[in-house]
Amino acid sequence: MLLAALTALFMALGYTLGGTGGALIALIVAAGMNLFTFWNADRIVLSMHHAREVDAQSAPDFYGLVRELAGKAGLPMPRVYLIDEPHPNAFATGRDPQHAAVAATTGLLSMLSREEVAGVMAHELGHVRNRDTLIMTMVATIAGAISMLANFGLFFRGGHEEGNGHSNLIAGLLAVIVAPFAAMIVQMAISRTREYGADAAGAEISGNPRALASALAKISGQAGRIPNPVAERNPAAAQLYIVPVHVSELFSTHPATEKRIAALEDMAAEMGAPAIATPPRASALSPTPQPRRRASALDPHRR
């Protein structure tokens with residue numbers, strides 16, 4: 001329904017501006033730009049974060065955990081990356097399950113227990129299984145076409161006042177301001193539904209909704225305090241992460257973390273999942289406090 005609403009908004013804007021030809025050109029150009037991004041998004045995003053690929057030799061615990069979860073999810077083994085940043089976060093990228101990659105920061109691995117890391121990575125594999133990269137590319141294509149068409153709207157209508165300058169001005173304002181803003185709202189709504197879907201998939205894959213809920217609470221509590229240089233340079237990267245970064249709830253691409261935790265708690269109750277103590281009970285591979293630094297068993301720097 002949201003995709004249909006976005007498409008209808010694009011068609012209405014094209015009709016308002018009076019030219020199906022201009023609307024078609026805008027759609028083709030936006031589709032071309034987003035198609036390039038779709039095929040190259042994984043390389044762009046991983047390079048942006050200076051991520052390094054790891055394997056069973058360089059990060060055996062973390063790689064083995066992802067392999068175990070991918071098997072439970074019925075997915076091909078994705079490429080696995082680590083980002084040497086204290087900021088706790090993770091994301092998935094790639095155009096389809098056969099070309100997927102998952103990444104986590106060393107800060108996340110140091111902060112969470114093994115069960116919580118499993119919940120986070122299961123969430124990212126949920127994005128892969130749900131093909132959210134494909135869905136969001138479709139959304140970006142239409143939203144990009146709307147923005148492009150709105151930017152050129154005044155030029156398309158500039159020489160056609162037809163005796164009523166006021167109506168022309170109103171149409172111009174509608175094109176430049178209202179349509180892109182409406183497209184942004186619909187785009188954020190679609191992104192938020194995909195986060196709920198990935199949470200549900202992650203809880204199913206890991207079998208422990210409360211571990212994911214505990215991880216979300218920990219990450220969201222630190223995400224705003226620890227600097228994230230990539231998100232500061234490129235605010236659009238914030239939509240990749242499991243929790244938002246320095247964005248108000250109104251304009252966030254993610255639902256409120258409290259609502260996500262509540263949904264996971266409801267799911268845990270339905271599944272009869274065991275309760276997690278506060279603070280979460282440490283597993284046999286839990287982080288061990290060290291001077292100036294905490295390292296989990298999943299952290300490749302731990303010796």
# chains A, B, ... in the order shown; residues from 1 in each chain; ligands from 1

$ residues_around --residues "A:Ala215" --least-positions-apart "2" --cutoff "10 Å" --atoms "only C-alpha atoms" --output "CSV table (one decimal) with all heavy atoms, in the first residue's frame"
chain,number,residue,atom,x,y,z
A,108,LEU,N,30.5,-2.8,19.0
A,108,LEU,CA,29.4,-3.7,19.2
A,108,LEU,C,29.8,-5.0,19.8
A,108,LEU,O,29.2,-5.5,20.8
A,108,LEU,CB,28.6,-3.9,17.9
A,108,LEU,CG,27.3,-4.7,18.1
A,108,LEU,CD1,26.1,-4.1,17.3
A,108,LEU,CD2,27.5,-6.1,17.6
A,111,MET,N,30.7,-4.7,23.5
A,111,MET,CA,29.7,-4.2,24.4
A,111,MET,C,28.7,-5.3,24.7
A,111,MET,O,28.2,-5.4,25.8
A,111,MET,CB,28.9,-3.1,23.8
A,111,MET,CG,27.8,-2.5,24.6
A,111,MET,SD,27.0,-1.1,23.8
A,111,MET,CE,28.3,0.0,23.6
A,112,LEU,N,28.4,-6.3,23.8
A,112,LEU,CA,27.3,-7.2,23.9
A,112,LEU,C,27.8,-8.6,24.3
A,112,LEU,O,29.0,-9.0,24.0
A,112,LEU,CB,26.5,-7.3,22.6
A,112,LEU,CG,25.9,-6.0,22.1
A,112,LEU,CD1,25.1,-6.2,20.8
A,112,LEU,CD2,25.1,-5.2,23.1
A,113,SER,N,26.9,-9.4,24.9
A,113,SER,CA,27.2,-10.8,25.1
A,113,SER,C,27.0,-11.5,23.8
A,113,SER,O,26.5,-11.0,22.8
A,113,SER,CB,26.3,-11.3,26.2
A,113,SER,OG,24.9,-11.4,25.7
A,115,GLU,N,24.9,-13.9,23.1
A,115,GLU,CA,23.5,-14.1,22.7
A,115,GLU,C,23.0,-12.8,22.1
A,115,GLU,O,22.2,-12.8,21.2
A,115,GLU,CB,22.7,-14.4,24.0
A,115,GLU,CG,22.9,-15.8,24.5
A,115,GLU,CD,24.2,-15.9,25.3
A,115,GLU,OE1,24.8,-14.9,25.6
A,115,GLU,OE2,24.5,-17.1,25.7
A,116,GLU,N,23.4,-11.6,22.6
A,116,GLU,CA,23.0,-10.4,22.1
A,116,GLU,C,23.5,-10.1,20.7
A,116,GLU,O,22.8,-9.6,19.8
A,116,GLU,CB,23.3,-9.2,23.1
A,116,GLU,CG,22.6,-9.3,24.4
A,116,GLU,CD,23.2,-8.4,25.4
A,116,GLU,OE1,24.4,-8.1,25.4
A,116,GLU,OE2,22.4,-8.0,26.4
A,117,VAL,N,24.8,-10.5,20.5
A,117,VAL,CA,25.4,-10.3,19.2
A,117,VAL,C,24.7,-11.2,18.2
A,117,VAL,O,24.4,-10.8,17.0
A,117,VAL,CB,26.9,-10.7,19.2
A,117,VAL,CG1,27.5,-10.7,17.8
A,117,VAL,CG2,27.7,-9.7,20.1
A,118,ALA,N,24.3,-12.4,18.6
A,118,ALA,CA,23.5,-13.3,17.8
A,118,ALA,C,22.2,-12.7,17.4
A,118,ALA,O,21.8,-12.8,16.2
A,118,ALA,CB,23.3,-14.7,18.5
A,119,GLY,N,21.5,-12.0,18.3
A,119,GLY,CA,20.3,-11.4,18.0
A,119,GLY,C,20.4,-10.3,17.0
A,119,GLY,O,19.6,-10.1,16.0
A,120,VAL,N,21.5,-9.5,17.1
A,120,VAL,CA,21.8,-8.4,16.2
A,120,VAL,C,22.1,-8.9,14.8
A,120,VAL,O,21.5,-8.4,13.8
A,120,VAL,CB,22.9,-7.5,16.7
A,120,VAL,CG1,23.4,-6.5,15.6
A,120,VAL,CG2,22.5,-6.8,18.0
A,209,PRO,N,14.1,-13.6,21.2
A,209,PRO,CA,13.7,-12.2,21.0
A,209,PRO,C,14.2,-11.3,22.1
A,209,PRO,O,14.5,-10.1,21.9
A,209,PRO,CB,12.1,-12.2,21.0
A,209,PRO,CG,11.8,-13.7,20.7
A,209,PRO,CD,12.9,-14.5,21.3
A,210,ARG,N,14.3,-11.8,23.3
A,210,ARG,CA,14.7,-10.9,24.4
A,210,ARG,C,16.2,-10.6,24.3
A,210,ARG,O,16.6,-9.5,24.8
A,210,ARG,CB,14.4,-11.6,25.8
A,210,ARG,CG,12.9,-11.6,26.1
A,210,ARG,CD,12.6,-11.9,27.6
A,210,ARG,NE,11.2,-11.7,27.9
A,210,ARG,CZ,10.3,-12.6,28.0
A,210,ARG,NH1,10.7,-13.9,27.8
A,210,ARG,NH2,9.0,-12.3,28.3
A,211,ALA,N,17.0,-11.4,23.8
A,211,ALA,CA,18.4,-11.1,23.6
A,211,ALA,C,18.5,-9.9,22.6
A,211,ALA,O,19.3,-9.0,22.8
A,211,ALA,CB,19.2,-12.3,23.1
A,212,LEU,N,17.7,-9.9,21.5
A,212,LEU,CA,17.7,-8.8,20.6
A,212,LEU,C,17.2,-7.6,21.2
A,212,LEU,O,17.8,-6.5,21.0
A,212,LEU,CB,16.9,-9.2,19.3
A,212,LEU,CG,16.7,-8.1,18.3
A,212,LEU,CD1,18.1,-7.5,17.8
A,212,LEU,CD2,15.9,-8.6,17.1
A,213,ALA,N,16.2,-7.7,22.0
A,213,ALA,CA,15.6,-6.5,22.8
A,213,ALA,C,16.7,-5.9,23.7
A,213,ALA,O,16.9,-4.7,23.8
A,213,ALA,CB,14.4,-6.9,23.5
A,217,ALA,N,18.5,-2.1,23.5
A,217,ALA,CA,18.5,-1.2,24.6
A,217,ALA,C,19.9,-0.7,24.8
A,217,ALA,O,20.2,0.5,25.1
A,217,ALA,CB,17.9,-1.9,25.8
A,218,LYS,N,20.9,-1.7,24.8
A,218,LYS,CA,22.3,-1.3,25.1
A,218,LYS,C,22.8,-0.4,23.9
A,218,LYS,O,23.5,0.6,24.2
A,218,LYS,CB,23.1,-2.5,25.2
A,218,LYS,CG,23.0,-3.3,26.5
A,218,LYS,CD,24.0,-4.4,26.5
A,218,LYS,CE,24.0,-5.2,27.8
A,218,LYS,NZ,25.0,-6.3,27.8
A,219,ILE,N,22.6,-0.8,22.7
A,219,ILE,CA,23.1,0.0,21.6
A,219,ILE,C,22.5,1.4,21.5
A,219,ILE,O,23.3,2.4,21.3
A,219,ILE,CB,22.9,-0.8,20.2
A,219,ILE,CG1,23.5,-2.1,20.2
A,219,ILE,CG2,23.3,0.0,19.0
A,219,ILE,CD1,23.1,-3.0,19.1
A,220,SER,N,21.2,1.5,21.7
A,220,SER,CA,20.6,2.8,21.6
A,220,SER,C,21.1,3.7,22.7
A,220,SER,O,21.1,4.9,22.5
A,220,SER,CB,19.1,2.7,21.6
A,220,SER,OG,18.6,2.1,22.8
A,221,GLY,N,21.4,3.1,23.8
A,221,GLY,CA,21.9,3.9,24.9
A,221,GLY,C,23.3,4.5,24.7
A,221,GLY,O,23.6,5.6,25.2
A,261,ILE,N,11.4,-2.7,21.2
A,261,ILE,CA,11.6,-3.6,22.3
A,261,ILE,C,10.3,-4.2,22.8
A,261,ILE,O,10.2,-5.4,23.1
A,261,ILE,CB,12.4,-2.9,23.4
A,261,ILE,CG1,13.8,-2.6,23.0
A,261,ILE,CG2,12.4,-3.7,24.7
A,261,ILE,CD1,14.6,-1.7,23.9
A,280,PRO,N,21.8,-8.5,31.7
A,280,PRO,CA,21.7,-9.8,31.1
A,280,PRO,C,22.7,-10.8,31.6
A,280,PRO,O,23.9,-10.4,31.8
A,280,PRO,CB,21.9,-9.5,29.6
A,280,PRO,CG,21.5,-8.1,29.4
A,280,PRO,CD,21.9,-7.4,30.7

$ closest_residue --among "A:Leu3, A:Ala203, A:Ile25, A:Ala263" --to "A:Gly126" --atoms "only C-alpha atoms"
A:Ala203

$ atom_distance --atom1 "atom CA of A:Ala122" --atom2 "atom CA of A:Arg225"
24.8 Å

$ closest_residue --among "A:Glu53, A:Pro86, A:Ile135, A:Gly32" --to "A:Val102" --atoms "only C-alpha atoms"
A:Glu53

$ closest_residue --among "A:Ser214, A:Met121, A:Ser110, A:Leu24" --to "A:Arg67" --atoms "only C-alpha atoms"
A:Met121

$ residues_around --residues "stretch 180-190 of chain A" --least-positions-apart "3" --cutoff "7 Å" --atoms "only C-alpha atoms" --output "count of residues only"
11

$ closest_residue --among "A:Asp42, A:Asn34, A:Gly202, A:Ala145" --to "A:Gly14" --atoms "only C-alpha atoms"
A:Ala145

$ select_by_dssp --residues "stretch 19-117 of chain A" --states "strand (DSSP E or B)" --output "PyMOL selection string"
chain A and resi 52-54+79-83+90-93+101-105

$ residues_around --residues "A:Arg43" --least-positions-apart "3" --cutoff "12 Å" --atoms "only C-alpha atoms" --output "PyMOL selection string"
chain A and resi 36-40+46-53+79+81+92-95+99-102

$ closest_residue --among "A:Val243, A:Thr106, A:Glu85, A:Val45" --to "A:Ala59" --atoms "only C-alpha atoms"
A:Thr106

$ atom_distance --atom1 "atom CA of A:Ala8" --atom2 "atom CA of A:Asp199"
29.0 Å
